[in-house]
>>> print(open('model_11.cif').read())   # mmCIF, C-alpha atoms
data_input
#
loop_
_atom_site.group_PDB
_atom_site.id
_atom_site.type_symbol
_atom_site.label_atom_id
_atom_site.label_comp_id
_atom_site.auth_asym_id
_atom_site.auth_seq_id
_atom_site.Cartn_x
_atom_site.Cartn_y
_atom_site.Cartn_z
ATOM 1 C CA MET A 1318 -61.482 20.728 -2.903
ATOM 2 C CA ARG A 1319 -64.789 20.314 -1.107
ATOM 3 C CA VAL A 1320 -67.066 17.295 -1.589
ATOM 4 C CA GLY A 1321 -70.693 16.914 -0.516
ATOM 5 C CA ILE A 1322 -72.941 13.861 -0.798
ATOM 6 C CA ALA A 1323 -76.677 13.441 -0.267
ATOM 7 C CA ARG A 1324 -78.878 10.394 -0.880
ATOM 8 C CA ALA A 1325 -82.388 9.197 -0.175
ATOM 9 C CA SER A 1326 -84.342 5.972 -0.473
ATOM 10 C CA ALA A 1327 -87.582 6.041 -2.454
ATOM 11 C CA ASN A 1328 -89.060 3.887 0.316
ATOM 12 C CA ALA A 1329 -88.012 4.836 3.844
ATOM 13 C CA ALA A 1330 -88.481 1.205 4.909
ATOM 14 C CA GLU A 1331 -85.796 -0.018 2.473
ATOM 15 C CA ARG A 1332 -82.049 0.471 2.243
ATOM 16 C CA CYS A 1333 -81.019 3.023 -0.358
ATOM 17 C CA GLY A 1334 -79.512 1.382 -3.447
ATOM 18 C CA ASP A 1335 -77.786 4.580 -4.628
ATOM 19 C CA MET A 1336 -74.419 5.490 -3.089
ATOM 20 C CA ALA A 1337 -71.440 7.748 -3.615
ATOM 21 C CA ALA A 1338 -67.969 8.135 -2.148
ATOM 22 C CA SER A 1339 -64.851 10.220 -2.574
ATOM 23 C CA TRP A 1340 -61.200 9.549 -1.884
ATOM 24 C CA THR A 1341 -58.132 11.749 -1.878
ATOM 25 C CA THR A 1342 -55.484 10.394 -4.242
ATOM 26 C CA GLU A 1343 -51.856 11.297 -4.915
ATOM 27 C CA THR A 1344 -52.954 13.738 -7.619
ATOM 28 C CA GLY A 1345 -56.361 14.948 -6.460
ATOM 29 C CA VAL A 1346 -59.767 13.443 -5.782
ATOM 30 C CA LEU A 1347 -61.616 10.398 -7.097
ATOM 31 C CA LEU A 1348 -65.434 10.435 -6.978
ATOM 32 C CA THR A 1349 -67.733 7.481 -7.563
ATOM 33 C CA ILE A 1350 -71.491 7.232 -7.790
ATOM 34 C CA ALA A 1351 -73.306 3.885 -8.050
ATOM 35 C CA ASP A 1352 -76.969 3.070 -8.646
ATOM 36 C CA GLY A 1353 -77.747 -0.580 -7.864
ATOM 37 C CA LEU A 1354 -80.471 -1.892 -10.149
ATOM 38 C CA GLY A 1355 -83.891 -1.786 -8.537
ATOM 39 C CA HIS A 1356 -84.495 -1.027 -4.877
ATOM 40 C CA GLY A 1357 -83.829 -2.390 -1.425
ATOM 41 C CA ALA A 1358 -81.183 -4.738 -0.074
ATOM 42 C CA ASP A 1359 -80.126 -6.257 -3.416
ATOM 43 C CA ALA A 1360 -79.670 -2.838 -5.019
ATOM 44 C CA ALA A 1361 -77.722 -1.630 -1.965
ATOM 45 C CA GLN A 1362 -75.505 -4.725 -2.140
ATOM 46 C CA ALA A 1363 -74.607 -3.975 -5.777
ATOM 47 C CA ALA A 1364 -73.893 -0.298 -5.050
ATOM 48 C CA GLU A 1365 -71.819 -1.183 -1.969
ATOM 49 C CA ALA A 1366 -69.783 -3.677 -4.027
ATOM 50 C CA ALA A 1367 -69.086 -0.973 -6.634
ATOM 51 C CA ILE A 1368 -68.004 1.587 -4.034
ATOM 52 C CA ALA A 1369 -65.827 -0.964 -2.196
ATOM 53 C CA TYR A 1370 -64.131 -2.072 -5.415
ATOM 54 C CA VAL A 1371 -63.338 1.458 -6.549
ATOM 55 C CA GLY A 1372 -62.082 2.372 -3.078
ATOM 56 C CA SER A 1373 -59.602 -0.486 -3.056
ATOM 57 C CA HIS A 1374 -58.478 -0.007 -6.695
ATOM 58 C CA ARG A 1375 -58.496 3.779 -6.970
ATOM 59 C CA SER A 1376 -55.024 4.057 -8.505
ATOM 60 C CA GLN A 1377 -56.008 2.057 -11.598
ATOM 61 C CA PRO A 1378 -56.649 3.783 -14.932
ATOM 62 C CA LEU A 1379 -60.403 4.085 -15.544
ATOM 63 C CA PRO A 1380 -60.610 1.454 -18.342
ATOM 64 C CA ASP A 1381 -58.929 -1.122 -16.066
ATOM 65 C CA LEU A 1382 -61.025 -0.019 -13.106
ATOM 66 C CA PHE A 1383 -64.249 -0.641 -15.036
ATOM 67 C CA GLN A 1384 -63.042 -4.073 -16.231
ATOM 68 C CA GLY A 1385 -62.501 -5.015 -12.581
ATOM 69 C CA LEU A 1386 -65.873 -3.517 -11.630
ATOM 70 C CA HIS A 1387 -67.590 -5.766 -14.165
ATOM 71 C CA ARG A 1388 -66.035 -8.827 -12.516
ATOM 72 C CA ALA A 1389 -66.701 -7.585 -8.968
ATOM 73 C CA LEU A 1390 -70.377 -6.848 -9.674
ATOM 74 C CA ALA A 1391 -71.080 -10.030 -11.682
ATOM 75 C CA PRO A 1392 -72.443 -11.882 -8.609
ATOM 76 C CA THR A 1393 -74.797 -8.957 -7.866
ATOM 77 C CA ARG A 1394 -77.742 -7.618 -9.836
ATOM 78 C CA GLY A 1395 -75.404 -4.967 -11.315
ATOM 79 C CA ALA A 1396 -75.297 -1.196 -11.185
ATOM 80 C CA ALA A 1397 -74.903 1.999 -13.137
ATOM 81 C CA VAL A 1398 -71.560 3.532 -12.146
ATOM 82 C CA GLY A 1399 -69.859 6.876 -12.801
ATOM 83 C CA VAL A 1400 -66.269 7.673 -11.839
ATOM 84 C CA ALA A 1401 -64.497 11.040 -11.987
ATOM 85 C CA VAL A 1402 -60.851 11.786 -11.295
ATOM 86 C CA ILE A 1403 -60.063 15.435 -10.621
ATOM 87 C CA ASP A 1404 -56.436 16.548 -10.849
ATOM 88 C CA PRO A 1405 -56.459 20.222 -9.795
ATOM 89 C CA SER A 1406 -52.704 20.705 -10.264
ATOM 90 C CA ARG A 1407 -53.049 19.850 -13.961
ATOM 91 C CA GLY A 1408 -56.489 21.442 -14.287
ATOM 92 C CA ARG A 1409 -57.897 18.168 -15.578
ATOM 93 C CA LEU A 1410 -61.026 16.075 -15.063
ATOM 94 C CA THR A 1411 -61.207 12.499 -16.342
ATOM 95 C CA TYR A 1412 -64.647 10.862 -16.378
ATOM 96 C CA ALA A 1413 -66.172 7.532 -17.384
ATOM 97 C CA ALA A 1414 -69.565 5.979 -16.725
ATOM 98 C CA ILE A 1415 -71.689 3.028 -17.711
ATOM 99 C CA GLY A 1416 -75.439 3.103 -17.179
ATOM 100 C CA ASN A 1417 -77.841 5.868 -16.341
ATOM 101 C CA THR A 1418 -75.830 8.013 -13.949
ATOM 102 C CA ARG A 1419 -75.418 11.641 -15.004
ATOM 103 C CA ALA A 1420 -72.705 14.268 -14.602
ATOM 104 C CA ALA A 1421 -72.100 17.928 -15.339
ATOM 105 C CA LEU A 1422 -69.144 20.261 -14.964
ATOM 106 C CA ILE A 1423 -70.317 23.731 -14.002
ATOM 107 C CA GLY A 1424 -67.959 26.629 -14.668
ATOM 108 C CA TRP A 1425 -68.197 29.430 -17.218
ATOM 109 C CA HIS A 1426 -70.855 27.221 -18.790
ATOM 110 C CA ILE A 1427 -72.447 23.857 -18.000
ATOM 111 C CA GLN A 1428 -70.949 20.867 -19.757
ATOM 112 C CA ARG A 1429 -72.988 17.668 -19.499
ATOM 113 C CA LEU A 1430 -70.962 14.445 -19.459
ATOM 114 C CA ASP A 1431 -72.364 11.317 -21.089
ATOM 115 C CA ALA A 1432 -72.320 7.713 -19.932
ATOM 116 C CA MET A 1433 -72.111 4.610 -22.080
ATOM 117 C CA PRO A 1434 -75.246 2.462 -22.116
ATOM 118 C CA GLY A 1435 -75.151 -0.789 -20.178
ATOM 119 C CA ILE A 1436 -74.988 -2.318 -16.730
ATOM 120 C CA VAL A 1437 -71.768 -2.770 -14.793
ATOM 121 C CA GLY A 1438 -71.577 -6.442 -13.863
ATOM 122 C CA ALA A 1439 -73.512 -7.686 -16.899
ATOM 123 C CA GLY A 1440 -70.647 -7.825 -19.371
ATOM 124 C CA SER A 1441 -67.219 -6.430 -19.944
ATOM 125 C CA ARG A 1442 -67.856 -3.272 -21.896
ATOM 126 C CA ARG A 1443 -64.669 -1.213 -22.254
ATOM 127 C CA VAL A 1444 -64.954 2.483 -21.388
ATOM 128 C CA THR A 1445 -63.237 5.342 -23.156
ATOM 129 C CA PRO A 1446 -62.706 8.066 -20.552
ATOM 130 C CA LEU A 1447 -63.401 11.676 -21.367
ATOM 131 C CA THR A 1448 -60.723 14.160 -20.278
ATOM 132 C CA LEU A 1449 -61.461 17.858 -20.129
ATOM 133 C CA PRO A 1450 -60.092 20.966 -18.460
ATOM 134 C CA CYS A 1451 -61.363 22.146 -15.093
ATOM 135 C CA ARG A 1452 -60.513 25.361 -13.287
ATOM 136 C CA PRO A 1453 -60.515 26.653 -9.729
ATOM 137 C CA GLY A 1454 -64.092 27.639 -8.905
ATOM 138 C CA ASP A 1455 -65.641 24.898 -11.088
ATOM 139 C CA THR A 1456 -68.172 22.488 -9.615
ATOM 140 C CA LEU A 1457 -68.648 18.873 -10.684
ATOM 141 C CA ALA A 1458 -72.002 17.205 -9.996
ATOM 142 C CA LEU A 1459 -72.741 13.480 -10.415
ATOM 143 C CA TRP A 1460 -76.232 12.099 -9.839
ATOM 144 C CA THR A 1461 -78.370 8.995 -10.274
ATOM 145 C CA ASP A 1462 -81.566 8.561 -12.250
ATOM 146 C CA GLY A 1463 -83.686 9.130 -9.155
ATOM 147 C CA LEU A 1464 -83.125 12.807 -9.931
ATOM 148 C CA ALA A 1465 -84.167 14.715 -13.031
ATOM 149 C CA ASP A 1466 -82.026 13.905 -16.094
ATOM 150 C CA ARG A 1467 -81.410 17.613 -16.623
ATOM 151 C CA LEU A 1468 -80.606 18.463 -13.018
ATOM 152 C CA SER A 1469 -81.689 22.030 -12.279
ATOM 153 C CA LEU A 1470 -78.533 23.802 -11.224
ATOM 154 C CA ASP A 1471 -80.266 27.151 -10.786
ATOM 155 C CA GLY A 1472 -79.314 28.761 -7.525
ATOM 156 C CA LEU A 1473 -76.193 26.641 -7.100
ATOM 157 C CA ASP A 1474 -74.076 28.738 -4.751
ATOM 158 C CA PRO A 1475 -70.390 27.935 -5.278
ATOM 159 C CA GLY A 1476 -69.595 29.931 -2.162
ATOM 160 C CA ALA A 1477 -71.966 27.997 0.120
ATOM 161 C CA SER A 1478 -70.227 27.209 3.386
ATOM 162 C CA ASP A 1479 -71.870 23.777 3.844
ATOM 163 C CA ILE A 1480 -71.234 21.578 0.796
ATOM 164 C CA ASP A 1481 -73.346 18.702 2.193
ATOM 165 C CA ALA A 1482 -76.286 21.096 2.587
ATOM 166 C CA LEU A 1483 -75.763 22.202 -1.007
ATOM 167 C CA ALA A 1484 -75.866 18.561 -2.162
ATOM 168 C CA LEU A 1485 -79.008 17.949 -0.089
ATOM 169 C CA ASP A 1486 -80.663 21.031 -1.567
ATOM 170 C CA LEU A 1487 -79.947 19.787 -5.113
ATOM 171 C CA LEU A 1488 -81.312 16.363 -4.177
ATOM 172 C CA GLN A 1489 -84.513 17.738 -2.661
ATOM 173 C CA ARG A 1490 -85.183 20.177 -5.519
ATOM 174 C CA ASN A 1491 -84.588 17.584 -8.247
ATOM 175 C CA THR A 1492 -85.781 14.239 -6.883
ATOM 176 C CA LYS A 1493 -88.410 12.359 -8.856
ATOM 177 C CA GLY A 1494 -89.620 10.698 -5.650
ATOM 178 C CA THR A 1495 -90.159 7.350 -7.379
ATOM 179 C CA ASP A 1496 -86.634 5.939 -7.167
ATOM 180 C CA ASP A 1497 -83.635 5.940 -4.857
ATOM 181 C CA SER A 1498 -81.521 9.011 -5.464
ATOM 182 C CA CYS A 1499 -78.005 10.270 -4.823
ATOM 183 C CA VAL A 1500 -75.951 13.331 -5.746
ATOM 184 C CA VAL A 1501 -72.288 14.117 -5.150
ATOM 185 C CA ILE A 1502 -70.784 17.570 -5.649
ATOM 186 C CA ALA A 1503 -67.114 18.504 -5.789
ATOM 187 C CA GLN A 1504 -66.027 22.128 -5.812
ATOM 188 C CA LEU A 1505 -62.523 23.116 -6.812
ATOM 189 C CA ARG A 1506 -61.513 25.871 -4.474
ATOM 190 C CA PRO A 1507 -60.569 29.166 -6.109
ATOM 191 C CA HIS A 1508 -56.923 30.172 -5.627
#
>>> encode(input="model_11.cif", output="structure tokens")
Amino acid sequence: MRVGIARASANAAERCGDMAASWTTETGVLLTIADGLGHGADAAQAAEAAIAYVGSHRSQPLPDLFQGLHRALAPTRGAAVGVAVIDPSRGRLTYAAIGNTRAALIGWHIQRLDAMPGIVGAGSRRVTPLTLPCRPGDTLALWTDGLADRLSLDGLDPGASDIDALALDLLQRNTKGTDDSCVVIAQLRPH
């Protein structure tokens, strides 16, 4: 599996409050995207807290993970957070999100994945993960609201040799330019 991440601050003088990370797990890959509310240092602090929490609790089931995220982000201004677990050996993607992050699984067709409304850190909303099949050759994209809601995936080249460049291209073609932005792409390698 290949993973690429690109992000940009709406204001070059401020820290970017949108972040993403990926980790290899026993069964596959875990991806997280976090959009700290607002801009600047406080938004970055919330996003960093989300990424750090997920990174140190990545073996937890998603409902438990989000309960812990609510507690971990309570001292911050909060964030929108999306988490995907890809298990290529079982051909399965499990996804959950709270807030205005977006996701899509691109394969034979594009399947948009929804998030629950809310703010992680401002309550203890319980998530119900979505589990769906994924196949070798599929691409998963997660992005923040600094990019267009209906991310234009035209020209997405699954065979691109540089996955980070592919993520950067998606970011540059779809950014609104008025908010921090981040996109993470995971491609399941064909057999």
>>> residues_around(input="model_11.cif", residues="Val1437 (chain A)", least_positions_apart="3", cutoff="10 Å", atoms="only C-alpha atoms", output="PyMOL selection string")
chain A and resi 1351-1354+1363+1367+1383-1391+1393-1398+1414-1416+1434+1440-1442
>>> closest_residue(input="model_11.cif", among="A:Asn1417, A:Thr1342, A:Ser1326, A:Gln1489", to="Gly1399 (chain A)", atoms="only C-alpha atoms")
A:Asn1417
>>> closest_residue(input="model_11.cif", among="A:Trp1425, A:Gly1372, A:Asp1497, A:Gly1408", to="Gly1355 (chain A)", atoms="all atoms listed in the file")
A:Asp1497
>>> atom_distance(input="model_11.cif", atom1="CA of Tyr1412 (chain A)", atom2="CA of Ala1358 (chain A)")
28.0 Å
>>> atom_distance(input="model_11.cif", atom1="CA of Thr1456 (chain A)", atom2="CA of Leu1488 (chain A)")
15.5 Å
>>> resolve_selection(input="model_11.cif", expression="the PyMOL selection byres ((chain A and resi 1413) around 10)", output="compact mmCIF listing (two decimals) with C-alpha atoms, in the frame of the given file")
# COMPACT_ATOMS: atom_id res chain seq x y z
CA THR A 1349 -67.73 7.48 -7.56
CA LEU A 1379 -60.40 4.08 -15.54
CA PRO A 1380 -60.61 1.45 -18.34
CA PHE A 1383 -64.25 -0.64 -15.04
CA VAL A 1398 -71.56 3.53 -12.15
CA GLY A 1399 -69.86 6.88 -12.80
CA VAL A 1400 -66.27 7.67 -11.84
CA ALA A 1401 -64.50 11.04 -11.99
CA VAL A 1402 -60.85 11.79 -11.30
CA THR A 1411 -61.21 12.50 -16.34
CA TYR A 1412 -64.65 10.86 -16.38
CA ALA A 1414 -69.56 5.98 -16.73
CA ILE A 1415 -71.69 3.03 -17.71
CA ALA A 1420 -72.70 14.27 -14.60
CA LEU A 1430 -70.96 14.44 -19.46
CA ASP A 1431 -72.36 11.32 -21.09
CA ALA A 1432 -72.32 7.71 -19.93
CA MET A 1433 -72.11 4.61 -22.08
CA VAL A 1444 -64.95 2.48 -21.39
CA THR A 1445 -63.24 5.34 -23.16
CA PRO A 1446 -62.71 8.07 -20.55
CA LEU A 1447 -63.40 11.68 -21.37
CA THR A 1448 -60.72 14.16 -20.28
>>> residues_near_point(input="model_11.cif", point="(-75.7, 12.8, -3.0)", cutoff="7 Å", atoms="all atoms listed in the file", output="ChimeraX atom specification")
/A:1321-1324,1337,1460,1484-1485,1488,1499-1501
>>> atom_distance(input="model_11.cif", atom1="CA of Thr1418 (chain A)", atom2="CA of Asp1462 (chain A)")
6.0 Å
>>> closest_residue(input="model_11.cif", among="A:Asn1491, A:Ser1406, A:Ala1361, A:Gly1463", to="Ala1327 (chain A)", atoms="only C-alpha atoms")
A:Gly1463
>>> closest_residue(input="model_11.cif", among="A:Asn1328, A:Ser1376, A:Ser1478, A:Thr1344", to="Thr1495 (chain A)", atoms="only C-alpha atoms")
A:Asn1328
>>> closest_residue(input="model_11.cif", among="A:Gly1435, A:Gly1345, A:Gly1424, A:Gly1357", to="Arg1452 (chain A)", atoms="all atoms listed in the file")
A:Gly1424
>>> residues_around(input="model_11.cif", residues="Leu1457 (chain A)", least_positions_apart="2", cutoff="8 Å", atoms="all atoms listed in the file", output="mmCIF file with C-alpha atoms, in the frame of the given file")
data_model
loop_
_atom_site.group_PDB
_atom_site.id
_atom_site.type_symbol
_atom_site.label_atom_id
_atom_site.label_comp_id
_atom_site.auth_asym_id
_atom_site.auth_seq_id
_atom_site.Cartn_x
_atom_site.Cartn_y
_atom_site.Cartn_z
ATOM 1 C CA ALA A 1420 -72.705 14.268 -14.602
ATOM 2 C CA ALA A 1421 -72.100 17.928 -15.339
ATOM 3 C CA LEU A 1422 -69.144 20.261 -14.964
ATOM 4 C CA ILE A 1423 -70.317 23.731 -14.002
ATOM 5 C CA ASP A 1455 -65.641 24.898 -11.088
ATOM 6 C CA LEU A 1459 -72.741 13.480 -10.415
ATOM 7 C CA ILE A 1502 -70.784 17.570 -5.649
ATOM 8 C CA ALA A 1503 -67.114 18.504 -5.789
ATOM 9 C CA GLN A 1504 -66.027 22.128 -5.812
#
>>> residues_around(input="model_11.cif", residues="Ser1339 (chain A)", least_positions_apart="4", cutoff="7 Å", atoms="all atoms listed in the file", output="list in words")
Val1346, Leu1347, Leu1348 and Thr1349 of chain A
>>> closest_residue(input="model_11.cif", among="A:Gln1362, A:Gly1334, A:Pro1392, A:Gly1454", to="Ala1439 (chain A)", atoms="all atoms listed in the file")
A:Pro1392
>>> decode(input="model_11.cif", residues="region 1337-1439 of chain A", atoms="C-alpha atoms", output="mmCIF file, in the first residue's frame")
data_model
loop_
_atom_site.group_PDB
_atom_site.id
_atom_site.type_symbol
_atom_site.label_atom_id
_atom_site.label_comp_id
_atom_site.auth_asym_id
_atom_site.auth_seq_id
_atom_site.Cartn_x
_atom_site.Cartn_y
_atom_site.Cartn_z
ATOM 1 C CA ALA A 1337 -2.843 13.664 8.566
ATOM 2 C CA ALA A 1338 -0.822 10.575 9.419
ATOM 3 C CA SER A 1339 -0.654 6.894 8.597
ATOM 4 C CA TRP A 1340 0.586 3.889 10.517
ATOM 5 C CA THR A 1341 1.177 0.285 9.562
ATOM 6 C CA THR A 1342 -0.785 -2.058 11.820
ATOM 7 C CA GLU A 1343 -0.828 -5.828 12.288
ATOM 8 C CA THR A 1344 -3.569 -6.133 9.668
ATOM 9 C CA GLY A 1345 -2.924 -3.239 7.296
ATOM 10 C CA VAL A 1346 -2.866 0.541 7.470
ATOM 11 C CA LEU A 1347 -4.586 3.110 9.675
ATOM 12 C CA LEU A 1348 -5.082 6.627 8.271
ATOM 13 C CA THR A 1349 -6.151 9.698 10.217
ATOM 14 C CA ILE A 1350 -6.990 13.205 9.109
ATOM 15 C CA ALA A 1351 -7.677 16.023 11.589
ATOM 16 C CA ASP A 1352 -8.888 19.584 11.050
ATOM 17 C CA GLY A 1353 -8.393 21.728 14.164
ATOM 18 C CA LEU A 1354 -11.139 24.324 14.457
ATOM 19 C CA GLY A 1355 -10.095 27.698 13.103
ATOM 20 C CA HIS A 1356 -6.551 28.587 12.109
ATOM 21 C CA GLY A 1357 -3.097 29.030 13.554
ATOM 22 C CA ALA A 1358 -1.437 27.654 16.668
ATOM 23 C CA ASP A 1359 -4.625 26.672 18.527
ATOM 24 C CA ALA A 1360 -5.991 24.771 15.530
ATOM 25 C CA ALA A 1361 -2.616 23.053 15.041
ATOM 26 C CA GLN A 1362 -2.560 22.086 18.727
ATOM 27 C CA ALA A 1363 -5.971 20.394 18.418
ATOM 28 C CA ALA A 1364 -4.987 18.547 15.227
ATOM 29 C CA GLU A 1365 -1.652 17.463 16.737
ATOM 30 C CA ALA A 1366 -3.457 16.139 19.833
ATOM 31 C CA ALA A 1367 -5.804 14.105 17.608
ATOM 32 C CA ILE A 1368 -2.960 12.628 15.556
ATOM 33 C CA ALA A 1369 -0.903 11.836 18.681
ATOM 34 C CA TYR A 1370 -3.851 10.140 20.385
ATOM 35 C CA VAL A 1371 -4.694 7.966 17.394
ATOM 36 C CA GLY A 1372 -1.032 7.058 16.924
ATOM 37 C CA SER A 1373 -0.730 5.799 20.480
ATOM 38 C CA HIS A 1374 -4.118 3.994 20.504
ATOM 39 C CA ARG A 1375 -4.235 2.617 16.969
ATOM 40 C CA SER A 1376 -5.179 -0.929 17.982
ATOM 41 C CA GLN A 1377 -8.470 0.178 19.555
ATOM 42 C CA PRO A 1378 -11.789 -0.397 17.778
ATOM 43 C CA LEU A 1379 -12.984 2.848 16.163
ATOM 44 C CA PRO A 1380 -15.885 3.513 18.598
ATOM 45 C CA ASP A 1381 -13.478 3.259 21.562
ATOM 46 C CA LEU A 1382 -10.850 5.283 19.726
ATOM 47 C CA PHE A 1383 -13.297 8.151 19.189
ATOM 48 C CA GLN A 1384 -14.425 8.066 22.848
ATOM 49 C CA GLY A 1385 -10.777 8.506 23.851
ATOM 50 C CA LEU A 1386 -10.320 11.231 21.228
ATOM 51 C CA HIS A 1387 -13.189 13.193 22.761
ATOM 52 C CA ARG A 1388 -11.440 13.125 26.144
ATOM 53 C CA ALA A 1389 -7.997 13.880 24.678
ATOM 54 C CA LEU A 1390 -9.253 16.883 22.688
ATOM 55 C CA ALA A 1391 -11.479 18.331 25.445
ATOM 56 C CA PRO A 1392 -8.745 20.752 26.628
ATOM 57 C CA THR A 1393 -8.269 21.997 23.040
ATOM 58 C CA ARG A 1394 -10.629 23.905 20.774
ATOM 59 C CA GLY A 1395 -11.602 20.567 19.164
ATOM 60 C CA ALA A 1396 -11.300 19.146 15.679
ATOM 61 C CA ALA A 1397 -13.028 17.324 12.874
ATOM 62 C CA VAL A 1398 -11.450 13.868 12.621
ATOM 63 C CA GLY A 1399 -11.684 11.004 10.121
ATOM 64 C CA VAL A 1400 -10.124 7.577 10.644
ATOM 65 C CA ALA A 1401 -9.846 4.724 8.137
ATOM 66 C CA VAL A 1402 -8.545 1.219 8.733
ATOM 67 C CA ILE A 1403 -7.602 -0.693 5.596
ATOM 68 C CA ASP A 1404 -7.198 -4.464 5.859
ATOM 69 C CA PRO A 1405 -6.010 -5.577 2.401
ATOM 70 C CA SER A 1406 -5.848 -9.280 3.303
ATOM 71 C CA ARG A 1407 -9.585 -9.269 4.048
ATOM 72 C CA GLY A 1408 -10.393 -6.725 1.337
ATOM 73 C CA ARG A 1409 -12.028 -4.477 3.914
ATOM 74 C CA LEU A 1410 -12.111 -0.769 4.739
ATOM 75 C CA THR A 1411 -13.550 0.459 8.036
ATOM 76 C CA TYR A 1412 -14.207 4.201 8.334
ATOM 77 C CA ALA A 1413 -15.582 6.623 10.915
ATOM 78 C CA ALA A 1414 -15.542 10.406 11.138
ATOM 79 C CA ILE A 1415 -16.979 13.247 13.151
ATOM 80 C CA GLY A 1416 -17.055 16.757 11.730
ATOM 81 C CA ASN A 1417 -16.499 18.121 8.272
ATOM 82 C CA THR A 1418 -13.728 15.902 6.943
ATOM 83 C CA ARG A 1419 -14.552 14.057 3.724
ATOM 84 C CA ALA A 1420 -13.610 10.693 2.235
ATOM 85 C CA ALA A 1421 -14.087 8.711 -0.951
ATOM 86 C CA LEU A 1422 -13.144 5.224 -2.077
ATOM 87 C CA ILE A 1423 -12.241 5.226 -5.755
ATOM 88 C CA GLY A 1424 -12.398 1.916 -7.604
ATOM 89 C CA TRP A 1425 -14.834 0.717 -10.255
ATOM 90 C CA HIS A 1426 -16.904 3.688 -9.114
ATOM 91 C CA ILE A 1427 -16.520 6.480 -6.559
ATOM 92 C CA GLN A 1428 -18.136 5.878 -3.198
ATOM 93 C CA ARG A 1429 -18.343 8.934 -0.947
ATOM 94 C CA LEU A 1430 -18.112 8.225 2.787
ATOM 95 C CA ASP A 1431 -20.074 10.360 5.236
ATOM 96 C CA ALA A 1432 -19.076 11.793 8.594
ATOM 97 C CA MET A 1433 -21.289 12.351 11.606
ATOM 98 C CA PRO A 1434 -21.919 15.993 12.491
ATOM 99 C CA GLY A 1435 -20.127 17.384 15.522
ATOM 100 C CA ILE A 1436 -16.764 18.347 16.943
ATOM 101 C CA VAL A 1437 -14.356 15.865 18.480
ATOM 102 C CA GLY A 1438 -13.561 17.151 21.959
ATOM 103 C CA ALA A 1439 -16.917 18.872 22.485
#
